[in-house]
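Raw input-v8.cif, mmCIF, C-alpha atoms:
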```
data_run
#
loop_
_atom_site.label_atom_id
_atom_site.label_comp_id
_atom_site.auth_asym_id
_atom_site.auth_seq_id
_atom_site.Cartn_x
_atom_site.Cartn_y
_atom_site.Cartn_z
CA MET A 1 6.51 -20.44 17.35
CA SER A 2 8.11 -23.54 15.85
CA GLU A 3 9.15 -26.48 18.03
CA GLU A 4 12.63 -27.89 18.16
CA GLU A 5 11.49 -31.49 17.63
CA ASP A 6 9.54 -32.73 14.63
CA ILE A 7 5.84 -32.94 15.37
CA VAL A 8 3.76 -35.71 13.81
CA LEU A 9 0.40 -34.03 13.22
CA SER A 10 -1.54 -37.28 13.01
CA GLU A 11 -0.40 -38.24 16.53
CA LEU A 12 -1.92 -35.14 18.10
CA ASN A 13 -5.42 -35.16 19.57
CA ASP A 14 -7.96 -32.74 18.07
CA ASP A 15 -7.32 -29.87 20.45
CA GLU A 16 -3.55 -30.21 20.12
CA LEU A 17 -3.85 -30.40 16.34
CA VAL A 18 -5.93 -27.21 16.12
CA GLU A 19 -3.42 -25.45 18.38
CA GLN A 20 -0.61 -26.72 16.15
CA MET A 21 -2.47 -25.49 13.07
CA PHE A 22 -2.68 -22.03 14.65
CA ASP A 23 1.12 -22.15 15.00
CA ASP A 24 1.60 -23.46 11.47
CA LEU A 25 -0.62 -20.74 10.02
CA TYR A 26 1.31 -18.17 12.01
CA ASP A 27 4.53 -19.55 10.52
CA GLY A 28 3.05 -19.69 7.00
CA LEU A 29 3.51 -23.46 6.61
CA LYS A 30 1.16 -24.31 3.75
CA GLU A 31 1.91 -28.04 3.49
CA GLU A 32 1.40 -28.55 7.21
CA ILE A 33 -1.94 -26.72 7.05
CA GLU A 34 -3.07 -28.89 4.15
CA GLU A 35 -2.04 -31.99 6.11
CA GLY A 36 -3.88 -30.76 9.20
CA VAL A 37 -7.05 -30.10 7.21
CA ASN A 38 -6.95 -33.59 5.71
CA ILE A 39 -6.41 -35.21 9.11
CA LEU A 40 -9.41 -33.36 10.61
CA LEU A 41 -11.55 -34.39 7.61
CA GLU A 42 -10.52 -38.02 8.15
CA ARG A 43 -11.53 -37.69 11.78
CA GLY A 44 -15.02 -36.69 10.74
CA TRP A 45 -14.85 -32.93 11.28
CA THR A 46 -17.23 -30.95 9.08
CA PRO A 47 -15.54 -28.68 6.52
CA TYR A 48 -17.27 -25.70 8.15
CA ASP A 49 -15.84 -26.50 11.59
CA ILE A 50 -12.34 -26.92 10.20
CA LEU A 51 -12.66 -23.61 8.40
CA THR A 52 -13.94 -21.60 11.32
CA LYS A 53 -12.21 -23.28 14.25
CA ALA A 54 -8.79 -24.05 12.78
CA LEU A 55 -8.19 -21.73 9.82
CA VAL A 56 -10.15 -18.57 10.64
CA GLY A 57 -9.20 -18.95 14.30
CA GLY A 58 -5.53 -19.05 13.32
CA MET A 59 -5.78 -16.17 10.89
CA THR A 60 -7.50 -14.07 13.53
CA ILE A 61 -4.39 -14.39 15.72
CA VAL A 62 -2.27 -13.40 12.72
CA GLY A 63 -4.56 -10.41 12.10
CA HIS A 64 -4.29 -9.23 15.71
CA ASP A 65 -0.50 -9.48 15.68
CA PHE A 66 -0.37 -7.57 12.39
CA ARG A 67 -2.55 -4.84 13.89
CA ASP A 68 -0.30 -4.70 16.96
CA GLY A 69 2.89 -4.40 14.92
CA ILE A 70 4.22 -7.84 15.89
CA LEU A 71 3.85 -9.29 12.39
CA PHE A 72 4.47 -7.47 9.11
CA VAL A 73 3.08 -7.77 5.60
CA PRO A 74 5.40 -10.58 4.38
CA GLU A 75 4.48 -12.80 7.34
CA VAL A 76 0.76 -12.10 6.89
CA LEU A 77 1.05 -13.02 3.21
CA LEU A 78 2.74 -16.30 4.05
CA ALA A 79 0.01 -17.08 6.57
CA ALA A 80 -2.66 -16.16 4.01
CA ASN A 81 -0.99 -18.42 1.48
CA ALA A 82 -1.07 -21.28 3.97
CA MET A 83 -4.75 -20.64 4.69
CA LYS A 84 -5.40 -20.57 0.94
CA GLY A 85 -3.98 -24.10 0.74
CA GLY A 86 -6.48 -25.26 3.36
CA MET A 87 -9.34 -23.35 1.74
CA PHE A 88 -8.57 -25.01 -1.60
CA ILE A 89 -9.32 -28.40 -0.04
CA LEU A 90 -12.37 -27.21 1.89
CA LYS A 91 -14.13 -25.04 -0.68
CA PRO A 92 -15.63 -27.81 -2.84
CA LEU A 93 -16.61 -29.72 0.30
CA LEU A 94 -18.30 -26.65 1.78
CA ALA A 95 -20.34 -26.31 -1.40
CA GLU A 96 -21.38 -29.97 -1.16
CA THR A 97 -22.16 -30.10 2.54
CA GLY A 98 -23.75 -26.69 2.79
CA ALA A 99 -22.60 -24.15 5.34
CA PRO A 100 -24.32 -21.27 7.09
CA ARG A 101 -24.46 -18.31 4.67
CA VAL A 102 -24.04 -15.00 6.45
CA GLY A 103 -24.42 -12.71 3.46
CA LYS A 104 -23.03 -11.80 0.07
CA MET A 105 -20.33 -9.32 -0.91
CA VAL A 106 -19.08 -7.89 -4.19
CA ILE A 107 -15.51 -6.69 -3.86
CA GLY A 108 -12.98 -5.07 -6.19
CA THR A 109 -10.00 -2.73 -6.40
CA VAL A 110 -10.88 0.64 -7.93
CA LYS A 111 -9.97 2.01 -11.35
CA GLY A 112 -6.30 2.85 -11.83
CA ASP A 113 -5.20 0.53 -9.05
CA ILE A 114 -3.79 -2.96 -9.60
CA HIS A 115 -2.98 -3.80 -5.99
CA ASP A 116 -4.98 -6.72 -4.67
CA ILE A 117 -3.19 -8.13 -1.65
CA GLY A 118 -5.55 -6.51 0.85
CA LYS A 119 -8.60 -7.24 -1.25
CA ASN A 120 -7.65 -10.89 -1.63
CA LEU A 121 -7.08 -11.21 2.09
CA VAL A 122 -10.49 -9.68 2.84
CA SER A 123 -12.14 -11.99 0.27
CA MET A 124 -10.60 -15.04 1.88
CA MET A 125 -11.47 -14.02 5.43
CA MET A 126 -15.02 -13.13 4.40
CA GLU A 127 -15.43 -16.52 2.76
CA GLY A 128 -14.03 -18.11 5.87
CA ALA A 129 -16.63 -16.26 7.93
CA GLY A 130 -19.46 -17.63 5.77
CA PHE A 131 -19.97 -14.85 3.24
CA GLU A 132 -20.39 -15.54 -0.45
CA VAL A 133 -17.83 -13.34 -2.15
CA VAL A 134 -17.90 -12.17 -5.76
CA ASP A 135 -14.44 -10.80 -6.49
CA ILE A 136 -14.32 -8.57 -9.58
CA GLY A 137 -10.54 -8.14 -9.42
CA ILE A 138 -8.47 -5.01 -10.03
CA ASN A 139 -8.69 -1.72 -11.92
CA ASN A 140 -12.50 -1.51 -11.91
CA PRO A 141 -14.36 1.42 -13.46
CA VAL A 142 -17.71 2.33 -11.96
CA GLU A 143 -19.52 0.38 -14.71
CA ASN A 144 -18.00 -2.90 -13.48
CA TYR A 145 -19.29 -2.30 -9.96
CA LEU A 146 -22.77 -1.37 -11.18
CA GLU A 147 -23.09 -4.35 -13.50
CA THR A 148 -21.99 -6.80 -10.84
CA LEU A 149 -24.21 -5.26 -8.17
CA GLU A 150 -27.15 -5.52 -10.54
CA ALA A 151 -26.37 -9.14 -11.42
CA GLU A 152 -25.43 -10.42 -7.96
CA LYS A 153 -27.66 -8.36 -5.63
CA PRO A 154 -25.20 -8.56 -2.73
CA ASP A 155 -25.63 -7.19 0.78
CA ILE A 156 -22.24 -5.51 0.71
CA LEU A 157 -20.08 -3.60 -1.75
CA GLY A 158 -16.38 -3.64 -0.82
CA MET A 159 -13.87 -1.32 -2.45
CA SER A 160 -10.11 -1.34 -2.04
CA ALA A 161 -7.25 1.01 -3.04
CA LEU A 162 -3.57 1.17 -2.17
CA LEU A 163 -2.72 4.49 -3.76
CA THR A 164 -3.60 7.99 -2.63
CA THR A 165 -4.04 8.82 -6.30
CA THR A 166 -6.72 6.15 -6.80
CA MET A 167 -8.62 6.15 -3.51
CA PRO A 168 -10.75 9.21 -4.50
CA TYR A 169 -12.32 6.99 -7.16
CA MET A 170 -14.31 5.28 -4.41
CA LYS A 171 -16.31 8.50 -4.14
CA VAL A 172 -17.06 8.35 -7.86
CA VAL A 173 -18.61 4.91 -7.36
CA ILE A 174 -20.59 5.98 -4.28
CA ASP A 175 -21.79 9.18 -5.95
CA THR A 176 -22.94 7.16 -8.97
CA LEU A 177 -24.89 4.85 -6.67
CA ILE A 178 -26.52 7.91 -5.10
CA GLU A 179 -27.35 9.40 -8.51
CA GLN A 180 -28.99 6.17 -9.58
CA GLY A 181 -30.92 5.84 -6.33
CA LEU A 182 -29.08 2.65 -5.42
CA ARG A 183 -26.96 3.76 -2.48
CA GLU A 184 -29.35 2.53 0.21
CA GLU A 185 -29.48 -0.92 -1.35
CA TYR A 186 -25.97 -1.80 -0.26
CA ILE A 187 -23.66 -1.67 2.72
CA VAL A 188 -20.53 0.03 1.40
CA LEU A 189 -17.25 -0.90 3.09
CA VAL A 190 -13.91 0.58 2.04
CA GLY A 191 -10.31 -0.26 2.88
CA GLY A 192 -6.67 0.13 1.87
CA ALA A 193 -3.41 1.31 3.37
CA PRO A 194 -3.75 5.08 2.74
CA LEU A 195 -7.40 5.30 3.87
CA ASN A 196 -8.69 6.20 7.29
CA GLU A 197 -12.03 6.54 9.06
CA GLU A 198 -12.30 10.23 8.21
CA PHE A 199 -11.88 9.49 4.50
CA GLY A 200 -14.48 6.73 4.67
CA LYS A 201 -16.99 9.15 6.22
CA ALA A 202 -16.12 11.96 3.80
CA ILE A 203 -16.85 9.85 0.71
CA GLY A 204 -20.08 8.47 2.12
CA ALA A 205 -19.08 4.87 2.84
CA ASP A 206 -20.81 3.02 5.67
CA ALA A 207 -17.48 2.10 7.23
CA TYR A 208 -13.74 2.09 6.75
CA CYS A 209 -12.14 -1.25 7.63
CA ARG A 210 -8.56 -1.11 8.85
CA ASP A 211 -7.75 -4.74 8.08
CA ALA A 212 -9.32 -8.01 6.98
CA ALA A 213 -10.36 -9.05 10.50
CA VAL A 214 -12.08 -5.70 11.06
CA ALA A 215 -13.76 -6.05 7.66
CA VAL A 216 -15.28 -9.38 8.71
CA GLU A 217 -16.53 -8.05 12.04
CA THR A 218 -17.90 -4.88 10.44
CA ALA A 219 -19.61 -6.85 7.69
CA LYS A 220 -21.23 -9.23 10.18
CA ASP A 221 -22.41 -6.32 12.31
CA PHE A 222 -23.95 -4.39 9.39
CA VAL A 223 -25.58 -7.46 7.86
CA SER A 224 -27.17 -8.49 11.15
CA ARG A 225 -28.47 -4.95 11.66
CA LYS A 226 -29.86 -4.96 8.11
CA HIS A 227 -31.60 -8.26 8.72
CA ASN A 228 -32.98 -6.99 12.03
CA GLN A 229 -34.34 -3.90 10.29
CA LEU A 230 -36.01 -6.06 7.65
CA ALA A 231 -37.46 -8.29 10.33
CA GLY A 232 -38.70 -5.34 12.39
CA MET B 1 31.79 29.50 -1.85
CA GLN B 2 31.64 26.38 0.32
CA GLN B 3 30.42 23.28 -1.52
CA ASP B 4 28.19 20.70 0.11
CA LYS B 5 29.70 17.23 0.19
CA LEU B 6 27.61 14.58 -1.49
CA PRO B 7 26.05 12.50 1.30
CA ASP B 8 26.07 8.71 1.01
CA ASP B 9 22.83 6.88 0.21
CA ALA B 10 22.77 4.83 3.42
CA SER B 11 22.78 7.89 5.66
CA LEU B 12 20.33 9.71 3.37
CA THR B 13 18.01 6.72 3.75
CA THR B 14 17.95 6.49 7.52
CA LYS B 15 19.19 9.82 8.86
CA GLY B 16 18.63 12.43 6.19
CA TYR B 17 21.06 15.28 5.74
CA VAL B 18 21.93 18.61 7.30
CA SER B 19 24.08 21.09 5.39
CA ASP B 20 26.60 23.29 7.16
CA GLU B 21 26.13 26.04 4.56
CA GLN B 22 24.60 29.42 5.27
CA GLY B 23 21.80 31.00 3.24
CA ARG B 24 18.48 32.79 3.50
CA ILE B 25 16.28 30.04 2.02
CA LEU B 26 15.90 26.54 3.45
CA LEU B 27 14.94 23.64 1.19
CA LEU B 28 13.37 20.97 3.39
CA ALA B 29 13.53 17.90 1.16
CA CYS B 30 13.16 14.15 0.91
CA GLY B 31 16.55 12.45 1.28
CA ALA B 32 15.94 10.66 -2.02
CA LEU B 33 16.30 14.05 -3.77
CA ALA B 34 19.53 15.21 -2.10
CA ARG B 35 21.92 14.46 -4.95
CA GLU B 36 19.66 16.04 -7.53
CA ILE B 37 19.09 19.19 -5.49
CA LEU B 38 22.78 19.60 -4.66
CA ASP B 39 23.61 19.15 -8.35
CA LEU B 40 21.10 21.84 -9.34
CA LYS B 41 22.39 24.16 -6.62
CA GLN B 42 25.95 23.77 -7.79
CA ARG B 43 25.24 24.09 -11.50
CA ASN B 44 23.06 27.16 -11.04
CA GLY B 45 25.01 28.83 -8.25
CA TRP B 46 22.03 28.89 -5.92
CA ASP B 47 24.21 29.54 -2.90
CA HIS B 48 21.45 31.34 -1.05
CA MET B 49 19.50 28.05 -0.75
CA VAL B 50 20.48 25.60 1.99
CA LEU B 51 19.48 21.94 1.90
CA THR B 52 18.18 19.86 4.80
CA CYS B 53 16.79 16.40 4.14
CA LEU B 54 14.46 14.13 6.06
CA PRO B 55 15.23 10.41 5.92
CA ALA B 56 14.55 9.04 2.44
CA ILE B 57 12.99 5.91 3.93
CA PHE B 58 9.86 8.01 4.57
CA HIS B 59 9.20 7.28 0.88
CA ILE B 60 7.72 3.99 2.11
CA GLN B 61 6.50 5.39 5.44
CA PRO B 62 4.47 8.41 4.29
CA ASP B 63 2.72 8.77 7.66
CA LYS B 64 6.06 9.97 9.06
CA ILE B 65 6.49 12.82 6.58
CA ILE B 66 4.08 15.38 8.02
CA PRO B 67 5.17 15.20 11.69
CA ALA B 68 8.82 15.40 10.57
CA VAL B 69 8.11 18.39 8.31
CA ARG B 70 6.27 20.19 11.11
CA GLU B 71 9.11 19.52 13.54
CA ALA B 72 11.79 20.68 11.08
CA VAL B 73 9.87 23.84 10.19
CA ALA B 74 9.45 24.69 13.88
CA LYS B 75 13.17 24.11 14.45
CA HIS B 76 14.44 26.17 11.50
CA ARG B 77 11.78 28.85 11.02
CA ASP B 78 13.68 31.63 12.81
CA ASP B 79 16.93 30.90 10.99
CA TYR B 80 15.71 31.53 7.43
CA ASP B 81 13.73 34.13 5.50
CA GLN B 82 11.82 31.42 3.76
CA ILE B 83 11.37 27.64 3.85
CA PHE B 84 10.22 25.49 0.94
CA VAL B 85 9.17 21.84 1.23
CA VAL B 86 10.66 19.70 -1.54
CA TYR B 87 8.08 16.95 -1.43
CA ALA B 88 5.10 16.31 -3.68
CA ASP B 89 2.02 14.70 -2.12
CA CYS B 90 4.08 11.50 -1.73
CA GLY B 91 1.36 9.24 -0.38
CA THR B 92 -0.01 11.67 2.20
CA GLY B 93 -3.40 11.91 0.50
CA GLY B 94 -3.47 15.72 0.45
CA LEU B 95 -2.54 16.05 4.11
CA LEU B 96 0.97 17.38 3.43
CA GLN B 97 -0.53 20.10 1.24
CA GLN B 98 -2.93 20.92 4.05
CA ALA B 99 -0.09 21.06 6.60
CA CYS B 100 2.02 23.27 4.32
CA GLU B 101 -0.90 25.65 3.82
CA GLU B 102 -1.30 25.88 7.61
CA LEU B 103 2.42 26.60 7.93
CA GLY B 104 2.35 29.12 5.07
CA ILE B 105 4.94 27.15 3.11
CA GLU B 106 5.05 26.11 -0.54
CA MET B 107 5.73 22.56 -1.70
CA VAL B 108 6.34 20.86 -5.03
CA LYS B 109 3.24 20.29 -7.16
CA GLY B 110 2.24 16.77 -8.17
CA PRO B 111 1.39 13.37 -6.70
CA HIS B 112 4.96 12.02 -6.31
CA CYS B 113 8.55 12.27 -7.52
CA TYR B 114 7.87 9.96 -10.50
CA SER B 115 5.42 12.55 -11.73
CA PHE B 116 7.49 15.69 -11.17
CA PHE B 117 10.69 14.14 -12.54
CA GLU B 118 8.93 13.36 -15.78
CA GLY B 119 6.99 16.62 -15.61
CA ASN B 120 3.52 16.55 -14.05
CA GLN B 121 1.78 17.31 -17.33
CA ALA B 122 3.66 14.62 -19.28
CA PHE B 123 3.16 12.07 -16.51
CA ASP B 124 -0.54 12.82 -16.30
CA ALA B 125 -0.84 12.36 -20.06
CA HIS B 126 0.05 8.65 -19.72
CA GLY B 127 -3.38 8.16 -18.16
CA ASP B 128 -4.49 4.53 -17.98
CA GLU B 129 -1.59 3.29 -20.11
CA GLU B 130 0.77 3.17 -17.17
CA THR B 131 -1.48 1.67 -14.52
CA THR B 132 0.65 -1.48 -14.55
CA ALA B 133 4.02 0.32 -14.47
CA PHE B 134 6.40 0.21 -11.51
CA TYR B 135 8.72 3.22 -11.38
CA LEU B 136 12.31 3.65 -10.28
CA THR B 137 14.29 6.88 -10.04
CA ASP B 138 18.11 7.05 -9.91
CA PHE B 139 18.01 6.96 -6.11
CA LEU B 140 15.65 3.99 -6.03
CA ALA B 141 17.68 2.13 -8.64
CA ARG B 142 20.68 2.47 -6.31
CA GLN B 143 18.66 1.64 -3.21
CA PHE B 144 16.32 -1.00 -4.63
CA ASP B 145 17.08 -3.56 -1.92
CA ALA B 146 16.56 -1.11 0.94
CA PHE B 147 13.34 0.36 -0.45
CA VAL B 148 11.69 -2.55 -2.26
CA TRP B 149 13.21 -5.99 -1.89
CA LYS B 150 13.93 -6.15 1.84
CA PRO B 151 10.90 -4.25 3.22
CA LEU B 152 8.64 -6.60 1.25
CA GLY B 153 10.50 -9.62 2.64
CA LEU B 154 11.53 -10.81 -0.82
CA ASP B 155 15.09 -11.45 0.38
CA ARG B 156 13.67 -14.06 2.77
CA HIS B 157 10.60 -15.16 0.84
CA PRO B 158 11.08 -14.82 -2.94
CA GLU B 159 7.94 -16.93 -3.40
CA LEU B 160 5.90 -13.82 -2.50
CA LEU B 161 7.03 -12.02 -5.67
CA SER B 162 3.92 -12.79 -7.71
CA MET B 163 1.63 -11.76 -4.86
CA TYR B 164 3.25 -8.33 -4.81
CA PHE B 165 3.96 -7.72 -8.47
CA GLY B 166 1.84 -10.23 -10.39
CA ASN B 167 -0.36 -7.46 -11.80
CA TYR B 168 2.53 -5.26 -12.96
CA THR B 169 3.79 -5.55 -16.53
CA LYS B 170 6.80 -3.24 -16.78
CA LEU B 171 9.40 -1.36 -14.82
CA VAL B 172 9.93 2.20 -16.00
CA TYR B 173 13.35 3.52 -15.03
CA GLN B 174 13.18 7.30 -14.96
CA ALA B 175 16.80 8.32 -15.38
CA GLN B 176 17.67 11.69 -13.91
CA ILE B 177 21.22 11.44 -15.24
CA ASP B 178 22.59 9.47 -18.17
CA ASP B 179 24.57 6.76 -16.36
CA PRO B 180 25.06 3.31 -17.96
CA ASP B 181 25.81 1.74 -14.57
CA LEU B 182 22.49 2.92 -13.13
CA THR B 183 20.68 1.75 -16.26
CA ALA B 184 22.23 -1.70 -15.82
CA ARG B 185 21.15 -1.74 -12.18
CA ALA B 186 17.60 -0.73 -13.05
CA ARG B 187 17.45 -3.37 -15.78
CA GLU B 188 18.58 -5.97 -13.24
CA CYS B 189 15.79 -4.83 -10.88
CA ALA B 190 13.25 -5.40 -13.68
CA GLU B 191 14.66 -8.87 -14.28
CA ARG B 192 14.42 -9.73 -10.61
CA MET B 193 10.80 -8.61 -10.58
CA GLY B 194 10.03 -10.47 -13.80
CA LEU B 195 8.93 -7.26 -15.55
CA ASP B 196 9.64 -5.70 -18.93
CA PHE B 197 12.12 -2.85 -18.82
CA GLU B 198 11.78 0.66 -20.17
CA ARG B 199 14.23 3.49 -19.67
CA ARG B 200 13.08 7.09 -19.85
CA LEU B 201 15.63 9.91 -19.54
CA THR B 202 13.69 12.54 -17.61
CA GLY B 203 16.39 14.82 -16.25
CA TYR B 204 15.13 16.76 -13.24
CA GLY B 205 11.81 17.74 -14.81
CA ASP B 206 9.53 19.92 -12.70
CA LEU B 207 11.95 19.68 -9.77
CA GLU B 208 14.31 21.96 -11.69
CA THR B 209 11.66 24.44 -12.80
CA THR B 210 10.19 24.59 -9.30
CA LEU B 211 13.56 25.19 -7.63
CA ARG B 212 14.43 27.79 -10.27
CA ASP B 213 11.20 29.62 -9.50
CA TRP B 214 11.94 29.56 -5.77
CA ALA B 215 15.60 30.51 -6.25
CA THR B 216 14.77 33.60 -8.28
CA ARG B 217 12.10 34.98 -5.96
CA LYS B 218 12.97 38.35 -4.51
CA PRO B 219 13.72 38.35 -0.77
CA LYS B 220 10.80 39.19 1.47
CA ASP B 221 10.81 42.71 2.92
#
```
Encoding of this model in structure tokens:
Amino acid sequence: MSEEEDIVLSELNDDELVEQMFDDLYDGLKEEIEEGVNILLERGWTPYDILTKALVGGMTIVGHDFRDGILFVPEVLLAANAMKGGMFILKPLLAETGAPRVGKMVIGTVKGDIHDIGKNLVSMMMEGAGFEVVDIGINNPVENYLETLEAEKPDILGMSALLTTTMPYMKVVIDTLIEQGLREEYIVLVGGAPLNEEFGKAIGADAYCRDAAVAVETAKDFVSRKHNQLAG
Amino acid sequence: MQQDKLPDDASLTTKGYVSDEQGRILLLACGALAREILDLKQRNGWDHMVLTCLPAIFHIQPDKIIPAVREAVAKHRDDYDQIFVVYADCGTGGLLQQACEELGIEMVKGPHCYSFFEGNQAFDAHGDEETTAFYLTDFLARQFDAFVWKPLGLDRHPELLSMYFGNYTKLVYQAQIDDPDLTARARECAERMGLDFERRLTGYGDLETTLRDWATRKPKD
């Protein structure tokens, strides 16, 4: 998607610049994304608009092409790294200016598993979509989940695993929530390369999320239903 | 007795292997185990067992294992008294075991080759201590670029290394044979990944005991 001639980002109008940022995210060009974010800030864009319209919009295209087998993991990681560069600039500004808060999620990779690429991607996309994310990292025993749920009172619990040998641990966490009468307090979303919808259902999760973009959509859907129920 | 020629790694990776030997038992195996199985066959005189391998690259594409096993079993079932599947679970999440039960075929016990090479019991005993270990076998030490470096895009984007392996601490090279050249290769892989190196001479572990059990079974009536 790169052009033959050098493009001067500051010479593009807003629409052209956002389009170019989509391309630069797709190509994993971190410095260009950082430059684009700074230009839009100088032009008076709100941090929230830059995040949702330029960064999340671009990553959604990346997510779709990953799902469709056009992009592969290395390219998605490069794009995520570029988005991270933009997020690094925007995050403190979002905190200052205030942005719509959709909900709160606690997320972590399960015990025995140290793989966090998918989890990190979901965290970033969830933040981009307006969720507050509490990331408890890798290799989490059930106690870590319970303590953080108790302390943070999120809407959503997200669990990730890359290994077939560790994914059954998600059921341990869900069963513990059931035992302690806490299961209905949280929306439980699970994901990871070896999982599928059937597994998600079998362990008692609310949903299996195939990728980060699906996780965001699923989370939004469940949270809005939860809020509707509370309102009704 | 006709001896199987040792297939080259590149064709084992992408095409697998078909023996031209005759026998009453078929071993339907992962291509990454071909050398080890042929060595065991030769050393033990298991001439009644014939080896066919699926492409070793399924090691990183586990969703392809079950359809390929089903297809191979359907193709060969009438030609042999018995078929054994020389795979462990290998990332299929219990589905290969389920498929083998449906087909009435035995497979190797354990979660993956790293476990059965070391011996499932010994591997299991490591528990949480090895959560941050990355394993290589002899085959993977030889084929590191094809199975790790290139598929992860590290040949094109070495800056992704810490995103993939930042949480790992050591590379454990499980040596099936005592070969200084392979040890040097495995050590170089650890250096490239920025991990500590540990070598563990496993031999063939539970692969050998499992094949011995299958080889010594009496023919079906």
All residues 12 Å or closer to Ile187 (chain A), only C-alpha atoms, same chain fewer than 2 positions away omitted, as a CSV table (one decimal) with C-alpha atoms, in the frame of the given file:
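Written out: part.csv:
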```csv
chain,number,residue,atom,x,y,z
A,103,GLY,CA,-24.4,-12.7,3.5
A,104,LYS,CA,-23.0,-11.8,0.1
A,105,MET,CA,-20.3,-9.3,-0.9
A,106,VAL,CA,-19.1,-7.9,-4.2
A,107,ILE,CA,-15.5,-6.7,-3.9
A,149,LEU,CA,-24.2,-5.3,-8.2
A,153,LYS,CA,-27.7,-8.4,-5.6
A,154,PRO,CA,-25.2,-8.6,-2.7
A,155,ASP,CA,-25.6,-7.2,0.8
A,156,ILE,CA,-22.2,-5.5,0.7
A,157,LEU,CA,-20.1,-3.6,-1.8
A,158,GLY,CA,-16.4,-3.6,-0.8
A,159,MET,CA,-13.9,-1.3,-2.4
A,174,ILE,CA,-20.6,6.0,-4.3
A,177,LEU,CA,-24.9,4.8,-6.7
A,182,LEU,CA,-29.1,2.6,-5.4
A,183,ARG,CA,-27.0,3.8,-2.5
A,184,GLU,CA,-29.4,2.5,0.2
A,185,GLU,CA,-29.5,-0.9,-1.4
A,189,LEU,CA,-17.2,-0.9,3.1
A,190,VAL,CA,-13.9,0.6,2.0
A,204,GLY,CA,-20.1,8.5,2.1
A,205,ALA,CA,-19.1,4.9,2.8
A,206,ASP,CA,-20.8,3.0,5.7
A,207,ALA,CA,-17.5,2.1,7.2
A,208,TYR,CA,-13.7,2.1,6.8
A,215,ALA,CA,-13.8,-6.0,7.7
A,218,THR,CA,-17.9,-4.9,10.4
A,219,ALA,CA,-19.6,-6.8,7.7
A,220,LYS,CA,-21.2,-9.2,10.2
A,221,ASP,CA,-22.4,-6.3,12.3
A,222,PHE,CA,-24.0,-4.4,9.4
A,223,VAL,CA,-25.6,-7.5,7.9
A,224,SER,CA,-27.2,-8.5,11.2
A,225,ARG,CA,-28.5,-5.0,11.7
A,226,LYS,CA,-29.9,-5.0,8.1
A,227,HIS,CA,-31.6,-8.3,8.7
```
Pull out every residue that the PyMOL selection byres ((chain B and resi 97) around 10) matches in the shown coordinates and put them as an MDAnalysis selection string.
-> chainID B and resid 66 85 87:89 92:96 98:103 105:109
Hey, which of B:Thr137, B:Ser162, B:Gln174, B:Thr183 ends up closest to chain A? Count only C-alpha atoms.
-> B:Ser162
Interface, chain A side, toward chain B (6 Å; only C-alpha atoms) as a VMD selection string = chain A and resid 74 112 164
Any chance you could work out the residue set of the PyMOL selection byres ((chain A and resi 90-98) around 8) here, as number ranges by chain?
-> A: 47-48, 51, 86-89, 99-100
Using only C-alpha atoms, determine which residues lie at most 9 Å from region 123-128 of chain A, disregarding the query and same-chain residues fewer than 2 positions distant; provide the list as a ChimeraX atom specification.
-> /A:48,51-52,55-56,59,80,83-84,87,105,107,118-121,130-135,212-213,215-216,219
Would you list the contacts of Glu36 (chain B) as an MDAnalysis selection string, taking every protein, DNA or RNA residue within 10 Å and counting only C-alpha atoms, but skipping same-chain residues closer than 6 positions in sequence?
-> chainID B and resid 42 138:139 176:177 203:204 207:208
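Among the candidates B:Gly31, B:Ala10, B:Pro158, B:Ile60, the one nearest to Leu163 (chain A) when counting only C-alpha atoms is B:Ile60.
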Quick one: residues within 8 Å of region 68-79 of chain B, all atoms listed in the file counted, chain neighbours fewer than 2 positions away excluded, as a ChimeraX atom specification?
-> /B:24,28,54,64-66,81-83,85,99
List every protein, DNA or RNA residue that has at least one atom no more than 9 Å from (-3.8, -29.6, 12.2) in the file's coordinates, counting all atoms listed in the file, and write the result as a short mmCIF file (atom, residue, chain, number, x, y, z; two decimals) with C-alpha atoms, in the coordinates of the input.
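Listed below is the output, selection_20.cif:
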```
data_model
loop_
_atom_site.label_atom_id
_atom_site.label_comp_id
_atom_site.auth_asym_id
_atom_site.auth_seq_id
_atom_site.Cartn_x
_atom_site.Cartn_y
_atom_site.Cartn_z
CA LEU A 9 0.40 -34.03 13.22
CA SER A 10 -1.54 -37.28 13.01
CA LEU A 12 -1.92 -35.14 18.10
CA ASP A 14 -7.96 -32.74 18.07
CA ASP A 15 -7.32 -29.87 20.45
CA GLU A 16 -3.55 -30.21 20.12
CA LEU A 17 -3.85 -30.40 16.34
CA VAL A 18 -5.93 -27.21 16.12
CA GLU A 19 -3.42 -25.45 18.38
CA GLN A 20 -0.61 -26.72 16.15
CA MET A 21 -2.47 -25.49 13.07
CA PHE A 22 -2.68 -22.03 14.65
CA ASP A 24 1.60 -23.46 11.47
CA GLU A 32 1.40 -28.55 7.21
CA ILE A 33 -1.94 -26.72 7.05
CA GLU A 34 -3.07 -28.89 4.15
CA GLU A 35 -2.04 -31.99 6.11
CA GLY A 36 -3.88 -30.76 9.20
CA VAL A 37 -7.05 -30.10 7.21
CA ASN A 38 -6.95 -33.59 5.71
CA ILE A 39 -6.41 -35.21 9.11
CA LEU A 40 -9.41 -33.36 10.61
CA ALA A 54 -8.79 -24.05 12.78
#
```
Box centre and edge lengths (Å, one decimal), axis-aligned, region 186-191 of chain B plus 8 Å each side, as JSON:
```
{"center_x": 15.9, "center_y": -4.8, "center_z": -13.3, "size_x": 21.3, "size_y": 24.1, "size_z": 20.9}
```
